[in-house]
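The data block below is work18.cif; it holds mmCIF, C-alpha atoms.
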data_work
loop_
_atom_site.group_PDB
_atom_site.id
_atom_site.type_symbol
_atom_site.label_atom_id
_atom_site.label_comp_id
_atom_site.auth_asym_id
_atom_site.auth_seq_id
_atom_site.Cartn_x
_atom_site.Cartn_y
_atom_site.Cartn_z
ATOM 1 C CA MET A 274 106.401 150.565 189.397
ATOM 2 C CA ALA A 275 107.949 149.092 186.256
ATOM 3 C CA THR A 276 110.052 146.848 188.493
ATOM 4 C CA LEU A 277 106.900 145.531 190.190
ATOM 5 C CA GLY A 278 105.509 144.718 186.752
ATOM 6 C CA TYR A 279 108.607 142.691 185.876
ATOM 7 C CA ILE A 280 108.316 140.835 189.183
ATOM 8 C CA ILE A 281 104.646 139.938 188.625
ATOM 9 C CA ILE A 282 105.267 138.790 185.045
ATOM 10 C CA ALA A 283 108.262 136.656 186.011
ATOM 11 C CA SER A 284 106.387 135.117 188.960
ATOM 12 C CA PHE A 285 103.327 134.296 186.866
ATOM 13 C CA LEU A 286 105.480 132.727 184.147
ATOM 14 C CA LEU A 287 107.221 130.569 186.743
ATOM 15 C CA SER A 288 103.873 129.431 188.136
ATOM 16 C CA PHE A 289 102.503 128.812 184.634
ATOM 17 C CA PHE A 290 105.382 126.643 183.451
ATOM 18 C CA ALA A 291 105.418 124.720 186.734
ATOM 19 C CA LEU A 292 101.689 124.017 186.387
ATOM 20 C CA LEU A 293 102.154 123.090 182.722
ATOM 21 C CA GLY A 294 104.568 120.397 183.822
ATOM 22 C CA VAL A 295 102.110 119.204 186.464
ATOM 23 C CA PHE A 296 99.224 118.999 183.966
ATOM 24 C CA SER A 297 101.329 117.071 181.458
ATOM 25 C CA PHE A 298 102.107 114.571 184.212
ATOM 26 C CA ALA A 299 98.556 114.481 185.601
ATOM 27 C CA TRP A 300 96.849 113.506 182.355
ATOM 28 C CA ARG A 301 99.179 110.723 181.391
ATOM 29 C CA LYS A 302 97.119 107.589 180.851
ATOM 30 C CA LYS A 303 99.644 105.402 182.617
ATOM 31 C CA SER A 304 101.332 106.825 185.647
ATOM 32 C CA GLY A 305 101.513 103.818 187.947
ATOM 33 C CA GLY A 306 102.471 103.600 191.583
ATOM 34 C CA GLN A 307 106.117 102.943 190.776
ATOM 35 C CA ILE A 308 106.392 106.100 188.661
ATOM 36 C CA LEU A 309 104.797 108.035 191.518
ATOM 37 C CA LEU A 310 107.338 106.586 193.916
ATOM 38 C CA PHE A 311 110.151 107.725 191.624
ATOM 39 C CA PHE A 312 108.705 111.241 191.623
ATOM 40 C CA VAL A 313 108.520 111.100 195.416
ATOM 41 C CA SER A 314 112.233 110.271 195.246
ATOM 42 C CA LEU A 315 112.771 113.264 192.954
ATOM 43 C CA SER A 316 110.941 115.534 195.369
ATOM 44 C CA ALA A 317 112.965 114.212 198.320
ATOM 45 C CA GLY A 318 116.175 114.936 196.416
ATOM 46 C CA THR A 319 115.154 118.457 195.410
ATOM 47 C CA LEU A 320 113.986 119.299 198.932
ATOM 48 C CA MET A 321 117.180 118.072 200.562
ATOM 49 C CA GLY A 322 119.308 119.644 197.841
ATOM 50 C CA GLY A 323 117.404 122.897 198.228
ATOM 51 C CA ALA A 324 118.082 122.943 201.961
ATOM 52 C CA PHE A 325 121.799 122.099 201.825
ATOM 53 C CA LEU A 326 122.839 123.632 198.487
ATOM 54 C CA HIS A 327 120.587 126.658 198.199
ATOM 55 C CA LEU A 328 118.976 127.824 201.432
ATOM 56 C CA MET A 329 121.802 127.146 203.876
ATOM 57 C CA PRO A 330 124.640 128.721 201.844
ATOM 58 C CA GLU A 331 122.465 131.785 201.208
ATOM 59 C CA GLY A 332 121.321 131.953 204.813
ATOM 60 C CA ILE A 333 124.718 131.810 206.541
ATOM 61 C CA GLU A 334 125.831 134.713 204.371
ATOM 62 C CA LYS A 335 122.943 136.810 205.670
ATOM 63 C CA LEU A 336 122.820 135.698 209.321
ATOM 64 C CA PRO A 337 125.399 134.590 211.899
ATOM 65 C CA PRO A 338 125.711 130.774 211.578
ATOM 66 C CA GLU A 339 124.690 130.205 215.213
ATOM 67 C CA ARG A 340 121.476 132.187 214.803
ATOM 68 C CA PHE A 341 120.764 130.660 211.408
ATOM 69 C CA PHE A 342 121.002 127.041 212.580
ATOM 70 C CA VAL A 343 119.018 127.735 215.761
ATOM 71 C CA ILE A 344 116.169 128.932 213.510
ATOM 72 C CA VAL A 345 116.616 125.851 211.277
ATOM 73 C CA LEU A 346 116.288 123.620 214.347
ATOM 74 C CA ALA A 347 113.275 125.570 215.589
ATOM 75 C CA SER A 348 111.685 125.234 212.145
ATOM 76 C CA PHE A 349 112.331 121.465 212.147
ATOM 77 C CA ILE A 350 110.608 121.202 215.548
ATOM 78 C CA LEU A 351 107.738 123.402 214.344
ATOM 79 C CA PHE A 352 107.151 121.176 211.316
ATOM 80 C CA TYR A 353 107.243 118.123 213.583
ATOM 81 C CA PHE A 354 104.630 119.710 215.841
ATOM 82 C CA ILE A 355 102.430 120.642 212.870
ATOM 83 C CA GLU A 356 102.635 117.111 211.493
ATOM 84 C CA LYS A 357 101.659 115.637 214.851
ATOM 85 C CA ILE A 358 98.498 117.759 214.710
ATOM 86 C CA LEU A 359 97.787 116.691 211.117
ATOM 87 C CA HIS A 360 98.538 113.059 211.962
ATOM 88 C CA TRP A 361 96.117 113.193 214.890
ATOM 89 C CA ARG A 362 93.440 114.734 212.696
ATOM 90 C CA HIS A 363 93.798 112.465 209.657
ATOM 91 C CA CYS A 364 95.429 109.232 210.822
ATOM 92 C CA HIS A 365 93.900 107.998 214.049
ATOM 93 C CA GLU A 366 94.917 104.404 213.427
ATOM 94 C CA GLU A 367 97.716 102.894 211.410
ATOM 95 C CA GLY A 368 96.506 101.404 208.134
ATOM 96 C CA GLU A 369 93.222 103.348 208.175
ATOM 97 C CA CYS A 370 94.526 106.696 206.979
ATOM 98 C CA ALA A 371 92.758 107.908 203.826
ATOM 99 C CA VAL A 372 95.144 110.816 203.368
ATOM 100 C CA HIS A 373 98.692 110.573 204.710
ATOM 101 C CA SER A 374 99.822 113.642 206.625
ATOM 102 C CA PHE A 375 103.063 113.987 204.648
ATOM 103 C CA GLY A 376 100.963 115.213 201.713
ATOM 104 C CA TYR A 377 99.858 118.244 203.695
ATOM 105 C CA MET A 378 103.358 118.725 205.072
ATOM 106 C CA SER A 379 104.630 118.812 201.498
ATOM 107 C CA LEU A 380 102.119 121.579 200.700
ATOM 108 C CA ILE A 381 103.269 123.632 203.683
ATOM 109 C CA GLY A 382 106.933 123.202 202.809
ATOM 110 C CA ASP A 383 106.356 123.955 199.132
ATOM 111 C CA SER A 384 104.330 127.073 199.971
ATOM 112 C CA ILE A 385 107.162 128.422 202.115
ATOM 113 C CA HIS A 386 109.660 127.538 199.387
ATOM 114 C CA ASN A 387 107.623 129.235 196.653
ATOM 115 C CA PHE A 388 107.044 132.304 198.790
ATOM 116 C CA ILE A 389 110.772 132.605 199.403
ATOM 117 C CA ASP A 390 111.431 132.111 195.681
ATOM 118 C CA GLY A 391 109.107 135.047 195.072
ATOM 119 C CA LEU A 392 110.953 137.108 197.685
ATOM 120 C CA ILE A 393 114.305 136.290 196.090
ATOM 121 C CA ILE A 394 113.046 137.101 192.599
ATOM 122 C CA SER A 395 111.645 140.443 193.741
ATOM 123 C CA THR A 396 114.858 141.332 195.557
ATOM 124 C CA THR A 397 117.027 140.676 192.502
ATOM 125 C CA PHE A 398 114.691 142.615 190.225
ATOM 126 C CA VAL A 399 114.912 145.580 192.604
ATOM 127 C CA VAL A 400 118.705 145.412 192.311
ATOM 128 C CA ASP A 401 118.829 144.927 188.517
ATOM 129 C CA VAL A 402 116.323 143.696 185.914
ATOM 130 C CA ARG A 403 118.907 141.491 184.167
ATOM 131 C CA LEU A 404 119.853 139.897 187.477
ATOM 132 C CA GLY A 405 116.159 139.302 188.187
ATOM 133 C CA ILE A 406 115.636 137.560 184.838
ATOM 134 C CA THR A 407 118.696 135.350 185.400
ATOM 135 C CA THR A 408 117.513 134.461 188.907
ATOM 136 C CA ALA A 409 113.993 133.637 187.694
ATOM 137 C CA ILE A 410 115.387 131.278 185.047
ATOM 138 C CA ALA A 411 117.623 129.589 187.624
ATOM 139 C CA ILE A 412 114.725 129.115 190.046
ATOM 140 C CA GLY A 413 112.541 127.770 187.243
ATOM 141 C CA LEU A 414 115.047 124.999 186.520
ATOM 142 C CA HIS A 415 114.294 123.378 189.847
ATOM 143 C CA GLU A 416 110.749 124.703 190.335
ATOM 144 C CA ILE A 417 109.220 122.719 187.443
ATOM 145 C CA PRO A 418 110.492 119.246 188.421
ATOM 146 C CA GLN A 419 109.838 120.028 192.076
ATOM 147 C CA GLU A 420 106.194 120.934 191.407
ATOM 148 C CA ILE A 421 105.758 117.697 189.462
ATOM 149 C CA GLY A 422 107.352 115.804 192.313
ATOM 150 C CA ASP A 423 105.138 117.556 194.867
ATOM 151 C CA PHE A 424 102.039 116.723 192.805
ATOM 152 C CA ALA A 425 103.130 113.094 192.786
ATOM 153 C CA VAL A 426 103.566 113.255 196.552
ATOM 154 C CA LEU A 427 99.958 114.434 196.918
ATOM 155 C CA LEU A 428 98.715 111.543 194.768
ATOM 156 C CA TYR A 429 100.899 109.100 196.652
ATOM 157 C CA ALA A 430 99.486 110.466 199.922
ATOM 158 C CA GLY A 431 95.991 109.480 198.799
ATOM 159 C CA ILE A 432 94.649 112.853 197.629
ATOM 160 C CA LYS A 433 92.362 112.719 194.585
ATOM 161 C CA LYS A 434 93.837 113.987 191.306
ATOM 162 C CA SER A 435 91.381 116.891 190.895
ATOM 163 C CA ARG A 436 91.978 118.108 194.456
ATOM 164 C CA ALA A 437 95.728 117.624 194.091
ATOM 165 C CA LEU A 438 95.703 119.783 190.945
ATOM 166 C CA PHE A 439 93.756 122.518 192.732
ATOM 167 C CA LEU A 440 96.041 122.446 195.783
ATOM 168 C CA ASN A 441 99.127 122.483 193.554
ATOM 169 C CA PHE A 442 97.719 125.471 191.668
ATOM 170 C CA MET A 443 97.098 127.380 194.895
ATOM 171 C CA VAL A 444 100.602 126.575 196.147
ATOM 172 C CA ALA A 445 102.133 127.696 192.841
ATOM 173 C CA LEU A 446 100.473 131.096 193.233
ATOM 174 C CA THR A 447 102.469 131.705 196.411
ATOM 175 C CA ILE A 448 105.386 132.560 194.106
ATOM 176 C CA VAL A 449 103.382 135.557 192.873
ATOM 177 C CA ILE A 450 102.360 136.471 196.424
ATOM 178 C CA GLY A 451 105.989 136.246 197.537
ATOM 179 C CA GLY A 452 107.093 138.379 194.618
ATOM 180 C CA ILE A 453 104.626 141.159 195.362
ATOM 181 C CA ALA A 454 105.225 141.003 199.116
ATOM 182 C CA GLY A 455 108.982 140.971 198.566
ATOM 183 C CA TYR A 456 108.873 144.116 196.464
ATOM 184 C CA PHE A 457 107.212 146.120 199.229
ATOM 185 C CA LEU A 458 109.177 144.460 202.034
ATOM 186 C CA THR A 459 112.522 145.265 200.413
ATOM 187 C CA LEU A 460 111.474 148.893 200.400
ATOM 188 C CA ARG A 461 110.549 148.907 204.091
ATOM 189 C CA VAL A 462 112.238 146.067 206.022
ATOM 190 C CA GLU A 463 115.974 145.436 205.885
ATOM 191 C CA ASN A 464 117.292 141.849 205.689
ATOM 192 C CA ILE A 465 113.799 140.277 205.901
ATOM 193 C CA ILE A 466 114.650 137.435 203.498
ATOM 194 C CA ALA A 467 117.403 136.182 205.799
ATOM 195 C CA TYR A 468 114.842 134.978 208.345
ATOM 196 C CA PHE A 469 112.722 133.107 205.807
ATOM 197 C CA LEU A 470 115.696 131.063 204.607
ATOM 198 C CA PRO A 471 116.272 128.989 207.789
ATOM 199 C CA LEU A 472 112.528 128.567 208.232
ATOM 200 C CA ALA A 473 112.243 126.930 204.822
ATOM 201 C CA ALA A 474 115.454 124.928 205.302
ATOM 202 C CA GLY A 475 114.104 123.330 208.480
ATOM 203 C CA GLY A 476 110.856 122.469 206.731
ATOM 204 C CA PHE A 477 112.633 120.988 203.737
ATOM 205 C CA LEU A 478 114.814 118.811 205.963
ATOM 206 C CA TYR A 479 111.867 117.585 208.000
ATOM 207 C CA VAL A 480 109.666 116.659 205.031
ATOM 208 C CA SER A 481 112.484 114.960 203.109
ATOM 209 C CA THR A 482 114.059 113.022 205.994
ATOM 210 C CA SER A 483 111.037 112.235 208.166
ATOM 211 C CA ASP A 484 108.349 111.684 205.528
ATOM 212 C CA LEU A 485 109.542 111.138 201.974
ATOM 213 C CA ILE A 486 112.723 109.077 202.430
ATOM 214 C CA PRO A 487 110.956 106.591 204.752
ATOM 215 C CA GLU A 488 108.350 106.116 202.003
ATOM 216 C CA ILE A 489 111.113 105.384 199.483
ATOM 217 C CA ARG A 490 112.662 102.838 201.835
ATOM 218 C CA LYS A 491 109.440 100.787 201.856
ATOM 219 C CA GLU A 492 110.260 99.440 198.382
ATOM 220 C CA LYS A 493 111.336 95.790 198.744
ATOM 221 C CA ASP A 494 112.502 95.087 195.195
ATOM 222 C CA ILE A 495 116.270 95.668 195.071
ATOM 223 C CA LYS A 496 116.298 96.809 191.426
ATOM 224 C CA LYS A 497 113.479 99.305 191.948
ATOM 225 C CA SER A 498 115.134 100.487 195.152
ATOM 226 C CA PHE A 499 118.348 101.331 193.303
ATOM 227 C CA MET A 500 116.358 103.042 190.538
ATOM 228 C CA SER A 501 114.496 105.075 193.145
ATOM 229 C CA PHE A 502 117.792 105.997 194.799
ATOM 230 C CA GLY A 503 119.112 107.096 191.407
ATOM 231 C CA VAL A 504 116.106 109.398 190.942
ATOM 232 C CA PHE A 505 116.782 110.815 194.405
ATOM 233 C CA LEU A 506 120.347 111.607 193.295
ATOM 234 C CA ILE A 507 118.975 113.226 190.126
ATOM 235 C CA GLY A 508 116.906 115.526 192.342
ATOM 236 C CA LEU A 509 120.052 116.487 194.233
ATOM 237 C CA ALA A 510 121.910 117.021 190.929
ATOM 238 C CA ILE A 511 119.185 119.327 189.609
ATOM 239 C CA MET A 512 119.488 121.526 192.674
ATOM 240 C CA TYR A 513 123.262 121.527 192.425
ATOM 241 C CA LEU A 514 123.170 122.585 188.770
ATOM 242 C CA ALA A 515 120.716 125.345 189.664
ATOM 243 C CA THR A 516 123.224 126.792 192.133
ATOM 244 C CA LEU A 517 125.959 126.853 189.470
ATOM 245 C CA ILE A 518 124.059 129.101 187.088
ATOM 246 C CA LYS A 519 122.726 131.611 189.616
#

Write out the structure in this file as structure tokens.
Amino acid sequence: MATLGYIIIASFLLSFFALLGVFSFAWRKKSGGQILLFFVSLSAGTLMGGAFLHLMPEGIEKLPPERFFVIVLASFILFYFIEKILHWRHCHEEGECAVHSFGYMSLIGDSIHNFIDGLIISTTFVVDVRLGITTAIAIGLHEIPQEIGDFAVLLYAGIKKSRALFLNFMVALTIVIGGIAGYFLTLRVENIIAYFLPLAAGGFLYVSTSDLIPEIRKEKDIKKSFMSFGVFLIGLAIMYLATLIK
């Protein structure tokens, strides 16, 4: 049970520091639409980087590549289907949408990502406490900027700041849920994490390519467009650096 305690503490600390970053961003007096767009770019970069640099390399080591990418494709289609339902519910007519559906898609994708992070953390703690601590630190390096980026996505989607903070808090807690669930699953179900990896990868790819990047492309100013693209590359770089220190 000591291992479970380490898992819960590490998961809560990850959630706490991620939320601390979100609060520091939320209460800035001047955030501005352009800053929000840059954070959308950051989120797009971290999501795409997470899919290609983190989830896919891990997944093809745990599953046959053919099976892995079939699940990724199925996940992409599933996220498309879910968004069509959300779009129908919230955006009946173009230009009259109070809350853009990609905000909710971001929450779904981030919840899956956080849950898997919790599963990974719990698995490494079961193997070795030192490995668990190292893994938690590595995940935290991309979790904090990603949570800030996801919060910015919610604001950019038209969700009020107070509701966005609450939703971000609830999503952050899925790390703890994943950690606890992972501890018991690793004791009972073999190779369970392998099937969550392609599911998240498909979601990450859908949200980044179908929702966030098109929003970035709406910027008409050439200078701001290049700056936004640079922030996107920073998001990719953060995820790449996180893979180096795992």

| query | What gap, in Å, lies between atom CA of Thr397 of chain A and atom CA of Gly452 of chain A? | reply | 10.4 Å

| Which residue of A:Val449, A:Leu517, A:Leu470, A:Ile507 approaches Phe342 of chain A most closely, using only C-alpha atoms |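 Counting only C-alpha atoms, the residue closest to Phe342 of chain A is A:Leu470.
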
Padding of 3 Å on every side, edges along x, y and z, all listed atoms of segment 401-409 of chain A included: what centre and edge lengths in Å, to one decimal, does that box have, as AutoDock Vina command-line options?
--center_x 116.9 --center_y 139.3 --center_z 186.5 --size_x 11.9 --size_y 17.3 --size_z 10.7

Output of the PyMOL selection byres ((chain A and resi 480-490) around 7), listed as a PDB file with C-alpha atoms, in the coordinates of the input:
ATOM      1  CA  LEU A 310     107.338 106.586 193.916  1.00  0.00           C
ATOM      2  CA  VAL A 313     108.520 111.100 195.416  1.00  0.00           C
ATOM      3  CA  SER A 314     112.233 110.271 195.246  1.00  0.00           C
ATOM      4  CA  ALA A 317     112.965 114.212 198.320  1.00  0.00           C
ATOM      5  CA  LEU A 320     113.986 119.299 198.932  1.00  0.00           C
ATOM      6  CA  MET A 321     117.180 118.072 200.562  1.00  0.00           C
ATOM      7  CA  PHE A 375     103.063 113.987 204.648  1.00  0.00           C
ATOM      8  CA  MET A 378     103.358 118.725 205.072  1.00  0.00           C
ATOM      9  CA  SER A 379     104.630 118.812 201.498  1.00  0.00           C
ATOM     10  CA  GLY A 476     110.856 122.469 206.731  1.00  0.00           C
ATOM     11  CA  PHE A 477     112.633 120.988 203.737  1.00  0.00           C
ATOM     12  CA  LEU A 478     114.814 118.811 205.963  1.00  0.00           C
ATOM     13  CA  TYR A 479     111.867 117.585 208.000  1.00  0.00           C
ATOM     14  CA  LYS A 491     109.440 100.787 201.856  1.00  0.00           C
ATOM     15  CA  GLU A 492     110.260  99.440 198.382  1.00  0.00           C
TER      16      GLU A 492
END

| request: Name every residue that the PyMOL selection byres ((chain A and resi 323-340) around 9) selects in this structure, writing the answer as a PyMOL selection string with chains first and numbers rising. | output: chain A and resi 318-322+341-345+415+464+466-471+473-478+509+512-513+515-516

The PyMOL selection byres ((chain A and resi 422) around 9) resolved against shown file, as a PDB file with C-alpha atoms, keeping the file's coordinate frame:
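And here is the file that came out, result.pdb:
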ATOM      1  CA  VAL A 295     102.110 119.204 186.464  1.00  0.00           C
ATOM      2  CA  LEU A 309     104.797 108.035 191.518  1.00  0.00           C
ATOM      3  CA  PHE A 311     110.151 107.725 191.624  1.00  0.00           C
ATOM      4  CA  PHE A 312     108.705 111.241 191.623  1.00  0.00           C
ATOM      5  CA  VAL A 313     108.520 111.100 195.416  1.00  0.00           C
ATOM      6  CA  SER A 314     112.233 110.271 195.246  1.00  0.00           C
ATOM      7  CA  LEU A 315     112.771 113.264 192.954  1.00  0.00           C
ATOM      8  CA  SER A 316     110.941 115.534 195.369  1.00  0.00           C
ATOM      9  CA  ALA A 317     112.965 114.212 198.320  1.00  0.00           C
ATOM     10  CA  THR A 319     115.154 118.457 195.410  1.00  0.00           C
ATOM     11  CA  ILE A 417     109.220 122.719 187.443  1.00  0.00           C
ATOM     12  CA  PRO A 418     110.492 119.246 188.421  1.00  0.00           C
ATOM     13  CA  GLN A 419     109.838 120.028 192.076  1.00  0.00           C
ATOM     14  CA  GLU A 420     106.194 120.934 191.407  1.00  0.00           C
ATOM     15  CA  ILE A 421     105.758 117.697 189.462  1.00  0.00           C
ATOM     16  CA  ASP A 423     105.138 117.556 194.867  1.00  0.00           C
ATOM     17  CA  PHE A 424     102.039 116.723 192.805  1.00  0.00           C
ATOM     18  CA  ALA A 425     103.130 113.094 192.786  1.00  0.00           C
ATOM     19  CA  VAL A 426     103.566 113.255 196.552  1.00  0.00           C
ATOM     20  CA  LEU A 427      99.958 114.434 196.918  1.00  0.00           C
TER      21      LEU A 427
END

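The space separating atom CA of Ile394 of chain A from atom CA of Ile280 of chain A comes to 6.9 Å.
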
| Could you work out how far atom CA of Val444 of chain A lies from atom CA of Phe285 of chain A, giving the answer in Å with one decimal? |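 Pair atom CA of Phe285 of chain A / atom CA of Val444 of chain A returns 12.4 Å.
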
Skipping near chain neighbours, those fewer than 4 positions away, what residues fall within 9 Å of Thr408 of chain A using only C-alpha atoms, listed as a PDB file with C-alpha atoms, keeping the file's coordinate frame?
ATOM      1  CA  ILE A 393     114.305 136.290 196.090  1.00  0.00           C
ATOM      2  CA  ILE A 394     113.046 137.101 192.599  1.00  0.00           C
ATOM      3  CA  THR A 397     117.027 140.676 192.502  1.00  0.00           C
ATOM      4  CA  PHE A 398     114.691 142.615 190.225  1.00  0.00           C
ATOM      5  CA  ARG A 403     118.907 141.491 184.167  1.00  0.00           C
ATOM      6  CA  LEU A 404     119.853 139.897 187.477  1.00  0.00           C
ATOM      7  CA  ILE A 412     114.725 129.115 190.046  1.00  0.00           C
ATOM      8  CA  GLY A 413     112.541 127.770 187.243  1.00  0.00           C
ATOM      9  CA  ILE A 518     124.059 129.101 187.088  1.00  0.00           C
ATOM     10  CA  LYS A 519     122.726 131.611 189.616  1.00  0.00           C
TER      11      LYS A 519
END

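Those residues that approach Val399 of chain A to within 9 Å, counting all atoms listed in the file, are Thr276, Leu277, Ile280, Ile394, Ser395, Thr396, Thr397, Asp401, Val402, Gly405, Tyr456 and Thr459 of chain A; same-chain residues fewer than 2 positions away are not listed.
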
Emit segment 372-450 of chain A of the structure in the block as a file comprising C-alpha atoms, as a PDB file, in the first residue's frame.
ATOM      1  CA  VAL A 372     -19.311  27.871 -27.426  1.00  0.00           C
ATOM      2  CA  HIS A 373     -17.197  26.253 -30.138  1.00  0.00           C
ATOM      3  CA  SER A 374     -17.213  22.464 -30.042  1.00  0.00           C
ATOM      4  CA  PHE A 375     -13.412  22.199 -30.150  1.00  0.00           C
ATOM      5  CA  GLY A 376     -13.376  23.408 -26.536  1.00  0.00           C
ATOM      6  CA  TYR A 377     -15.258  20.317 -25.422  1.00  0.00           C
ATOM      7  CA  MET A 378     -13.165  18.120 -27.697  1.00  0.00           C
ATOM      8  CA  SER A 379     -10.068  19.508 -25.999  1.00  0.00           C
ATOM      9  CA  LEU A 380     -11.515  18.512 -22.605  1.00  0.00           C
ATOM     10  CA  ILE A 381     -12.182  14.970 -23.808  1.00  0.00           C
ATOM     11  CA  GLY A 382      -8.710  14.615 -25.288  1.00  0.00           C
ATOM     12  CA  ASP A 383      -7.029  16.107 -22.227  1.00  0.00           C
ATOM     13  CA  SER A 384      -9.001  13.829 -19.892  1.00  0.00           C
ATOM     14  CA  ILE A 385      -7.849  10.754 -21.803  1.00  0.00           C
ATOM     15  CA  HIS A 386      -4.288  12.089 -21.821  1.00  0.00           C
ATOM     16  CA  ASN A 387      -4.292  12.799 -18.079  1.00  0.00           C
ATOM     17  CA  PHE A 388      -5.832   9.433 -17.295  1.00  0.00           C
ATOM     18  CA  ILE A 389      -3.122   7.704 -19.305  1.00  0.00           C
ATOM     19  CA  ASP A 390      -0.472   9.823 -17.568  1.00  0.00           C
ATOM     20  CA  GLY A 391      -1.866   8.536 -14.282  1.00  0.00           C
ATOM     21  CA  LEU A 392      -1.751   4.961 -15.583  1.00  0.00           C
ATOM     22  CA  ILE A 393       1.861   5.386 -16.691  1.00  0.00           C
ATOM     23  CA  ILE A 394       2.880   6.950 -13.383  1.00  0.00           C
ATOM     24  CA  SER A 395       1.255   4.140 -11.406  1.00  0.00           C
ATOM     25  CA  THR A 396       2.883   1.483 -13.572  1.00  0.00           C
ATOM     26  CA  THR A 397       6.375   2.909 -13.086  1.00  0.00           C
ATOM     27  CA  PHE A 398       5.878   3.284  -9.342  1.00  0.00           C
ATOM     28  CA  VAL A 399       4.847  -0.378  -9.161  1.00  0.00           C
ATOM     29  CA  VAL A 400       8.105  -1.283 -10.913  1.00  0.00           C
ATOM     30  CA  ASP A 401      10.361   1.034  -8.867  1.00  0.00           C
ATOM     31  CA  VAL A 402       9.745   4.151  -6.752  1.00  0.00           C
ATOM     32  CA  ARG A 403      12.743   5.999  -8.230  1.00  0.00           C
ATOM     33  CA  LEU A 404      11.530   5.249 -11.746  1.00  0.00           C
ATOM     34  CA  GLY A 405       8.073   6.514 -10.767  1.00  0.00           C
ATOM     35  CA  ILE A 406       9.479   9.802  -9.448  1.00  0.00           C
ATOM     36  CA  THR A 407      11.539  10.306 -12.621  1.00  0.00           C
ATOM     37  CA  THR A 408       8.511   9.563 -14.805  1.00  0.00           C
ATOM     38  CA  ALA A 409       6.290  11.952 -12.832  1.00  0.00           C
ATOM     39  CA  ILE A 410       8.825  14.764 -13.258  1.00  0.00           C
ATOM     40  CA  ALA A 411       9.082  14.066 -16.992  1.00  0.00           C
ATOM     41  CA  ILE A 412       5.299  14.095 -17.409  1.00  0.00           C
ATOM     42  CA  GLY A 413       5.054  17.306 -15.392  1.00  0.00           C
ATOM     43  CA  LEU A 414       7.371  19.097 -17.822  1.00  0.00           C
ATOM     44  CA  HIS A 415       4.759  18.894 -20.543  1.00  0.00           C
ATOM     45  CA  GLU A 416       1.652  18.701 -18.335  1.00  0.00           C
ATOM     46  CA  ILE A 417       1.962  22.260 -16.965  1.00  0.00           C
ATOM     47  CA  PRO A 418       2.256  24.113 -20.300  1.00  0.00           C
ATOM     48  CA  GLN A 419      -0.337  21.798 -21.822  1.00  0.00           C
ATOM     49  CA  GLU A 420      -2.882  22.570 -19.088  1.00  0.00           C
ATOM     50  CA  ILE A 421      -2.290  26.290 -19.604  1.00  0.00           C
ATOM     51  CA  GLY A 422      -2.725  25.813 -23.323  1.00  0.00           C
ATOM     52  CA  ASP A 423      -5.909  23.790 -22.809  1.00  0.00           C
ATOM     53  CA  PHE A 424      -7.300  26.496 -20.508  1.00  0.00           C
ATOM     54  CA  ALA A 425      -6.589  29.048 -23.219  1.00  0.00           C
ATOM     55  CA  VAL A 426      -8.388  26.827 -25.714  1.00  0.00           C
ATOM     56  CA  LEU A 427     -11.483  26.833 -23.487  1.00  0.00           C
ATOM     57  CA  LEU A 428     -11.415  30.637 -23.274  1.00  0.00           C
ATOM     58  CA  TYR A 429     -10.842  30.915 -27.000  1.00  0.00           C
ATOM     59  CA  ALA A 430     -13.803  28.575 -27.559  1.00  0.00           C
ATOM     60  CA  GLY A 431     -16.065  31.039 -25.753  1.00  0.00           C
ATOM     61  CA  ILE A 432     -16.311  29.388 -22.324  1.00  0.00           C
ATOM     62  CA  LYS A 433     -16.437  31.793 -19.372  1.00  0.00           C
ATOM     63  CA  LYS A 434     -13.282  32.026 -17.245  1.00  0.00           C
ATOM     64  CA  SER A 435     -14.900  30.702 -14.041  1.00  0.00           C
ATOM     65  CA  ARG A 436     -16.394  27.698 -15.846  1.00  0.00           C
ATOM     66  CA  ALA A 437     -13.146  27.095 -17.723  1.00  0.00           C
ATOM     67  CA  LEU A 438     -11.246  27.020 -14.414  1.00  0.00           C
ATOM     68  CA  PHE A 439     -13.719  24.531 -12.950  1.00  0.00           C
ATOM     69  CA  LEU A 440     -13.609  22.285 -16.029  1.00  0.00           C
ATOM     70  CA  ASN A 441      -9.806  22.444 -16.090  1.00  0.00           C
ATOM     71  CA  PHE A 442      -9.716  21.491 -12.409  1.00  0.00           C
ATOM     72  CA  MET A 443     -11.976  18.493 -12.995  1.00  0.00           C
ATOM     73  CA  VAL A 444      -9.876  17.382 -15.970  1.00  0.00           C
ATOM     74  CA  ALA A 445      -6.667  17.726 -13.942  1.00  0.00           C
ATOM     75  CA  LEU A 446      -8.069  15.343 -11.330  1.00  0.00           C
ATOM     76  CA  THR A 447      -8.233  12.582 -13.938  1.00  0.00           C
ATOM     77  CA  ILE A 448      -4.481  12.183 -13.375  1.00  0.00           C
ATOM     78  CA  VAL A 449      -5.252  11.070  -9.813  1.00  0.00           C
ATOM     79  CA  ILE A 450      -8.079   8.821 -11.012  1.00  0.00           C
TER      80      ILE A 450
END
